[in-house]
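Below is one structure; the comments refer to it alone.
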Amino acid sequence: MEVQVESSADVAPTLESNMPRVRDTVLTAVSNYTFAELEGTDGKTRLKDELLTRINGTVAPLTVDQVYFTQFVVQ
C-alpha cells in the first residue's frame with residue numbers, strides 16, 4: 001500500500017521531516033485489518049478515516065487534510 005497525504009503549503013516542509021513516523025503509523029493501523037475488512041469501498045473509506053485521525057495524532061500540532069491511496073494491494 002502506498003499512501004500520500006495532503007496538507008497546507010506552510011505545513012508541508014515540516015510534515016516531510018515526520019514521514020518516517022507517518023509511515024509507521026500507517027503500517028501499524030493497516031496491520032489491524034483483515035482482507036475481508038478492506039474489501040469494497042466502505043472498508044477503504046473507514047481505513048482512510050482512521051489513518052487521517054491517527055496521522056494527525058502523530059504529527060500534532062501539524063494537520064494533514066487528506067489521505068490518498070496511490071497503490072493498494074492486499075494479500
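By convention here, the chains of the C-alpha cells are called A, B, ... in the order presented, each chain's residues are numbered starting at 1, and ligands are numbered starting at 1 in the order presented.
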
* To do: Can you check which residues of chain A DSSP gives as strand (DSSP E or B) on the backbone and send them as a ChimeraX atom specification?
  => /A:2-6,66-71

Selected residues, all heavy atoms, written as a short mmCIF file (atom, residue, chain, number, x, y, z; two decimals), in the first residue's frame, please.
```
data_model
loop_
_atom_site.label_atom_id
_atom_site.label_comp_id
_atom_site.auth_asym_id
_atom_site.auth_seq_id
_atom_site.Cartn_x
_atom_site.Cartn_y
_atom_site.Cartn_z
N GLU A 2 0.52 2.18 -0.80
CA GLU A 2 1.21 3.45 -0.80
C GLU A 2 0.20 4.54 -0.49
O GLU A 2 -0.89 4.56 -1.03
CB GLU A 2 1.84 3.71 -2.16
CG GLU A 2 2.75 4.91 -2.17
CD GLU A 2 3.51 5.02 -3.47
OE1 GLU A 2 4.03 3.99 -3.95
OE2 GLU A 2 3.56 6.13 -4.00
N VAL A 3 0.57 5.41 0.43
CA VAL A 3 -0.33 6.46 0.89
C VAL A 3 0.35 7.81 0.71
O VAL A 3 1.53 7.96 1.00
CB VAL A 3 -0.69 6.26 2.38
CG1 VAL A 3 -1.51 7.41 2.91
CG2 VAL A 3 -1.43 4.95 2.58
N GLN A 4 -0.39 8.77 0.22
CA GLN A 4 0.06 10.15 0.13
C GLN A 4 -0.82 10.98 1.04
O GLN A 4 -2.01 10.70 1.20
CB GLN A 4 -0.05 10.68 -1.30
CG GLN A 4 0.82 9.95 -2.29
CD GLN A 4 2.28 10.27 -2.09
OE1 GLN A 4 2.65 11.39 -1.80
NE2 GLN A 4 3.12 9.26 -2.24
N VAL A 5 -0.24 12.02 1.64
CA VAL A 5 -1.02 12.90 2.49
C VAL A 5 -1.00 14.30 1.90
O VAL A 5 -0.06 14.69 1.22
CB VAL A 5 -0.50 12.92 3.94
CG1 VAL A 5 -0.66 11.56 4.58
CG2 VAL A 5 0.94 13.37 4.02
N GLU A 6 -2.06 15.03 2.16
CA GLU A 6 -2.19 16.40 1.67
C GLU A 6 -2.34 17.32 2.88
O GLU A 6 -3.09 17.04 3.80
CB GLU A 6 -3.42 16.51 0.77
CG GLU A 6 -3.64 17.89 0.20
CD GLU A 6 -4.85 17.91 -0.70
OE1 GLU A 6 -5.98 18.03 -0.17
OE2 GLU A 6 -4.69 17.75 -1.91
N GLN A 66 -5.93 15.45 4.10
CA GLN A 66 -6.50 14.35 3.32
C GLN A 66 -5.48 13.22 3.19
O GLN A 66 -4.28 13.46 3.18
CB GLN A 66 -6.89 14.85 1.92
CG GLN A 66 -7.65 13.87 1.07
CD GLN A 66 -8.97 13.46 1.67
OE1 GLN A 66 -9.05 12.38 2.24
NE2 GLN A 66 -9.98 14.27 1.55
N VAL A 67 -5.98 12.01 3.08
CA VAL A 67 -5.16 10.82 2.85
C VAL A 67 -5.62 10.21 1.54
O VAL A 67 -6.82 10.06 1.31
CB VAL A 67 -5.33 9.79 3.99
CG1 VAL A 67 -4.62 8.49 3.66
CG2 VAL A 67 -4.82 10.36 5.31
N TYR A 68 -4.66 9.88 0.68
CA TYR A 68 -4.97 9.26 -0.61
C TYR A 68 -4.23 7.94 -0.74
O TYR A 68 -3.06 7.84 -0.38
CB TYR A 68 -4.52 10.15 -1.76
CG TYR A 68 -5.17 11.51 -1.79
CD1 TYR A 68 -4.48 12.64 -1.35
CD2 TYR A 68 -6.46 11.67 -2.26
CE1 TYR A 68 -5.07 13.89 -1.37
CE2 TYR A 68 -7.07 12.91 -2.28
CZ TYR A 68 -6.37 14.02 -1.83
OH TYR A 68 -6.95 15.24 -1.84
N PHE A 69 -4.92 6.91 -1.27
CA PHE A 69 -4.26 5.66 -1.61
C PHE A 69 -3.78 5.81 -3.05
O PHE A 69 -4.58 6.04 -3.95
CB PHE A 69 -5.23 4.48 -1.53
CG PHE A 69 -5.73 4.20 -0.14
CD1 PHE A 69 -7.08 4.11 0.12
CD2 PHE A 69 -4.86 4.01 0.91
CE1 PHE A 69 -7.56 3.84 1.38
CE2 PHE A 69 -5.32 3.75 2.19
CZ PHE A 69 -6.68 3.66 2.43
N THR A 70 -2.49 5.68 -3.27
CA THR A 70 -1.96 5.73 -4.63
C THR A 70 -1.65 4.35 -5.15
O THR A 70 -1.42 4.17 -6.34
CB THR A 70 -0.70 6.62 -4.70
OG1 THR A 70 0.27 6.12 -3.77
CG2 THR A 70 -1.04 8.07 -4.34
N GLN A 71 -1.64 3.38 -4.25
CA GLN A 71 -1.47 1.99 -4.61
C GLN A 71 -2.09 1.16 -3.48
O GLN A 71 -1.91 1.49 -2.31
CB GLN A 71 0.01 1.68 -4.75
CG GLN A 71 0.31 0.33 -5.30
CD GLN A 71 1.79 0.15 -5.52
OE1 GLN A 71 2.57 0.37 -4.59
NE2 GLN A 71 2.18 -0.24 -6.72
#
```

* Apply DSSP to the backbone of this structure and, from chain A, keep only the residues in alpha helix (DSSP H); write these as a ChimeraX atom specification. => /A:12-17,19-30,35-38,40-59

* Asked: Do you have the atom CA of A:Gln75-atom CA of A:Met1 distance handy?
  ->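 Distance reported for this atom pair: 10.6 Å.
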
* Selected residue, from A:Asp65, A:Asp49, A:Asp24, A:Asp42, that lies nearest to A:Ser8 when counting only C-alpha atoms -> A:Asp65

* Asked: Could you name the residues that touch A:Val74 at 10 Å or less, counting only C-alpha atoms, but leaving out those on the same chain fewer than 3 positions away, as a ChimeraX atom specification?
  -> /A:1,34-36,38-39

Can you write just those residues out, N, CA, C and O atoms, as a PDB file, in the first residue's frame?
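selection-v7.pdb, freshly written:
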```pdb
ATOM      1  N   MET A   1       0.846  -1.156   0.000  1.00  0.00           N
ATOM      2  CA  MET A   1       0.000   0.000   0.000  1.00  0.00           C
ATOM      3  C   MET A   1       0.897   1.225   0.000  1.00  0.00           C
ATOM      4  O   MET A   1       1.886   1.291   0.703  1.00  0.00           O
ATOM      5  N   THR A  34      -8.206  -7.051   8.333  1.00  0.00           N
ATOM      6  CA  THR A  34      -8.192  -8.291   7.572  1.00  0.00           C
ATOM      7  C   THR A  34      -8.544  -7.987   6.120  1.00  0.00           C
ATOM      8  O   THR A  34      -9.052  -6.906   5.796  1.00  0.00           O
ATOM      9  N   PHE A  35      -8.299  -8.966   5.254  1.00  0.00           N
ATOM     10  CA  PHE A  35      -8.653  -8.821   3.844  1.00  0.00           C
ATOM     11  C   PHE A  35     -10.137  -8.494   3.694  1.00  0.00           C
ATOM     12  O   PHE A  35     -10.515  -7.603   2.949  1.00  0.00           O
ATOM     13  N   ALA A  36     -10.966  -9.203   4.429  1.00  0.00           N
ATOM     14  CA  ALA A  36     -12.419  -9.008   4.326  1.00  0.00           C
ATOM     15  C   ALA A  36     -12.825  -7.593   4.725  1.00  0.00           C
ATOM     16  O   ALA A  36     -13.739  -7.011   4.140  1.00  0.00           O
ATOM     17  N   LEU A  38     -11.126  -4.912   4.287  1.00  0.00           N
ATOM     18  CA  LEU A  38     -10.653  -3.934   3.306  1.00  0.00           C
ATOM     19  C   LEU A  38     -11.292  -4.094   1.941  1.00  0.00           C
ATOM     20  O   LEU A  38     -11.020  -3.311   1.035  1.00  0.00           O
ATOM     21  N   GLU A  39     -12.136  -5.118   1.782  1.00  0.00           N
ATOM     22  CA  GLU A  39     -12.840  -5.300   0.517  1.00  0.00           C
ATOM     23  C   GLU A  39     -13.875  -4.216   0.344  1.00  0.00           C
ATOM     24  O   GLU A  39     -14.552  -3.817   1.292  1.00  0.00           O
TER      25      GLU A  39
END
```

* To do: For atom CA of A:Glu50 and atom CA of A:Glu16, quote the distance in Å rounded to one decimal.
  =>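 Taking atom CA of A:Glu50 as the start and atom CA of A:Glu16 as the end point, the length is 20.2 Å.
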
* Structure fact -> Residue with the minimum atom-to-atom distance to A:Met19, picked from A:Tyr33, A:Thr53, A:Phe72, A:Val64 with only C-alpha atoms counted, is A:Val64

Find the residues around A:Leu51 up to 9 Å (only C-alpha atoms counted), leave out those fewer than 2 positions away in its own chain, and share them as a PDB file with N, CA, C and O atoms, in the first residue's frame.
```pdb
ATOM      1  N   THR A  25       2.935   4.830  11.473  1.00  0.00           N
ATOM      2  CA  THR A  25       1.529   4.918  11.880  1.00  0.00           C
ATOM      3  C   THR A  25       0.633   4.195  10.883  1.00  0.00           C
ATOM      4  O   THR A  25      -0.274   3.449  11.267  1.00  0.00           O
ATOM      5  N   VAL A  26       0.896   4.385   9.598  1.00  0.00           N
ATOM      6  CA  VAL A  26       0.101   3.730   8.546  1.00  0.00           C
ATOM      7  C   VAL A  26       0.266   2.219   8.625  1.00  0.00           C
ATOM      8  O   VAL A  26      -0.728   1.474   8.621  1.00  0.00           O
ATOM      9  N   ALA A  29      -1.545   0.746  11.656  1.00  0.00           N
ATOM     10  CA  ALA A  29      -3.005   0.750  11.504  1.00  0.00           C
ATOM     11  C   ALA A  29      -3.457  -0.322  10.524  1.00  0.00           C
ATOM     12  O   ALA A  29      -4.420  -1.060  10.787  1.00  0.00           O
ATOM     13  N   VAL A  30      -2.769  -0.443   9.409  1.00  0.00           N
ATOM     14  CA  VAL A  30      -3.170  -1.401   8.373  1.00  0.00           C
ATOM     15  C   VAL A  30      -3.029  -2.830   8.863  1.00  0.00           C
ATOM     16  O   VAL A  30      -3.835  -3.700   8.505  1.00  0.00           O
ATOM     17  N   ARG A  46     -13.285   3.590   5.593  1.00  0.00           N
ATOM     18  CA  ARG A  46     -13.083   3.502   7.036  1.00  0.00           C
ATOM     19  C   ARG A  46     -11.592   3.557   7.378  1.00  0.00           C
ATOM     20  O   ARG A  46     -11.164   4.232   8.315  1.00  0.00           O
ATOM     21  N   LEU A  47     -10.766   2.855   6.572  1.00  0.00           N
ATOM     22  CA  LEU A  47      -9.326   2.883   6.785  1.00  0.00           C
ATOM     23  C   LEU A  47      -8.777   4.290   6.557  1.00  0.00           C
ATOM     24  O   LEU A  47      -7.962   4.771   7.348  1.00  0.00           O
ATOM     25  N   LYS A  48      -9.218   4.966   5.522  1.00  0.00           N
ATOM     26  CA  LYS A  48      -8.773   6.349   5.276  1.00  0.00           C
ATOM     27  C   LYS A  48      -9.101   7.250   6.456  1.00  0.00           C
ATOM     28  O   LYS A  48      -8.270   8.047   6.892  1.00  0.00           O
ATOM     29  N   ASP A  49     -10.317   7.130   6.954  1.00  0.00           N
ATOM     30  CA  ASP A  49     -10.731   7.945   8.109  1.00  0.00           C
ATOM     31  C   ASP A  49      -9.849   7.651   9.325  1.00  0.00           C
ATOM     32  O   ASP A  49      -9.428   8.569  10.027  1.00  0.00           O
ATOM     33  N   THR A  53      -7.081  10.264  11.211  1.00  0.00           N
ATOM     34  CA  THR A  53      -7.111  10.513  12.651  1.00  0.00           C
ATOM     35  C   THR A  53      -5.780  10.149  13.305  1.00  0.00           C
ATOM     36  O   THR A  53      -5.221  10.924  14.083  1.00  0.00           O
ATOM     37  N   ARG A  54      -5.265   8.968  12.972  1.00  0.00           N
ATOM     38  CA  ARG A  54      -4.003   8.514  13.583  1.00  0.00           C
ATOM     39  C   ARG A  54      -2.826   9.387  13.152  1.00  0.00           C
ATOM     40  O   ARG A  54      -1.957   9.704  13.966  1.00  0.00           O
ATOM     41  N   ILE A  55      -2.773   9.739  11.869  1.00  0.00           N
ATOM     42  CA  ILE A  55      -1.667  10.562  11.371  1.00  0.00           C
ATOM     43  C   ILE A  55      -1.701  11.934  12.035  1.00  0.00           C
ATOM     44  O   ILE A  55      -0.673  12.450  12.457  1.00  0.00           O
ATOM     45  N   ASN A  56      -2.871  12.521  12.126  1.00  0.00           N
ATOM     46  CA  ASN A  56      -2.965  13.829  12.773  1.00  0.00           C
ATOM     47  C   ASN A  56      -2.557  13.746  14.243  1.00  0.00           C
ATOM     48  O   ASN A  56      -1.950  14.672  14.768  1.00  0.00           O
ATOM     49  N   VAL A  67      -5.982  12.007   3.083  1.00  0.00           N
ATOM     50  CA  VAL A  67      -5.160  10.823   2.848  1.00  0.00           C
ATOM     51  C   VAL A  67      -5.620  10.212   1.539  1.00  0.00           C
ATOM     52  O   VAL A  67      -6.821  10.060   1.306  1.00  0.00           O
TER      53      VAL A  67
END
```

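The space separating atom CA of A:Ser31 from atom CA of A:Ser7 comes to 24.7 Å.
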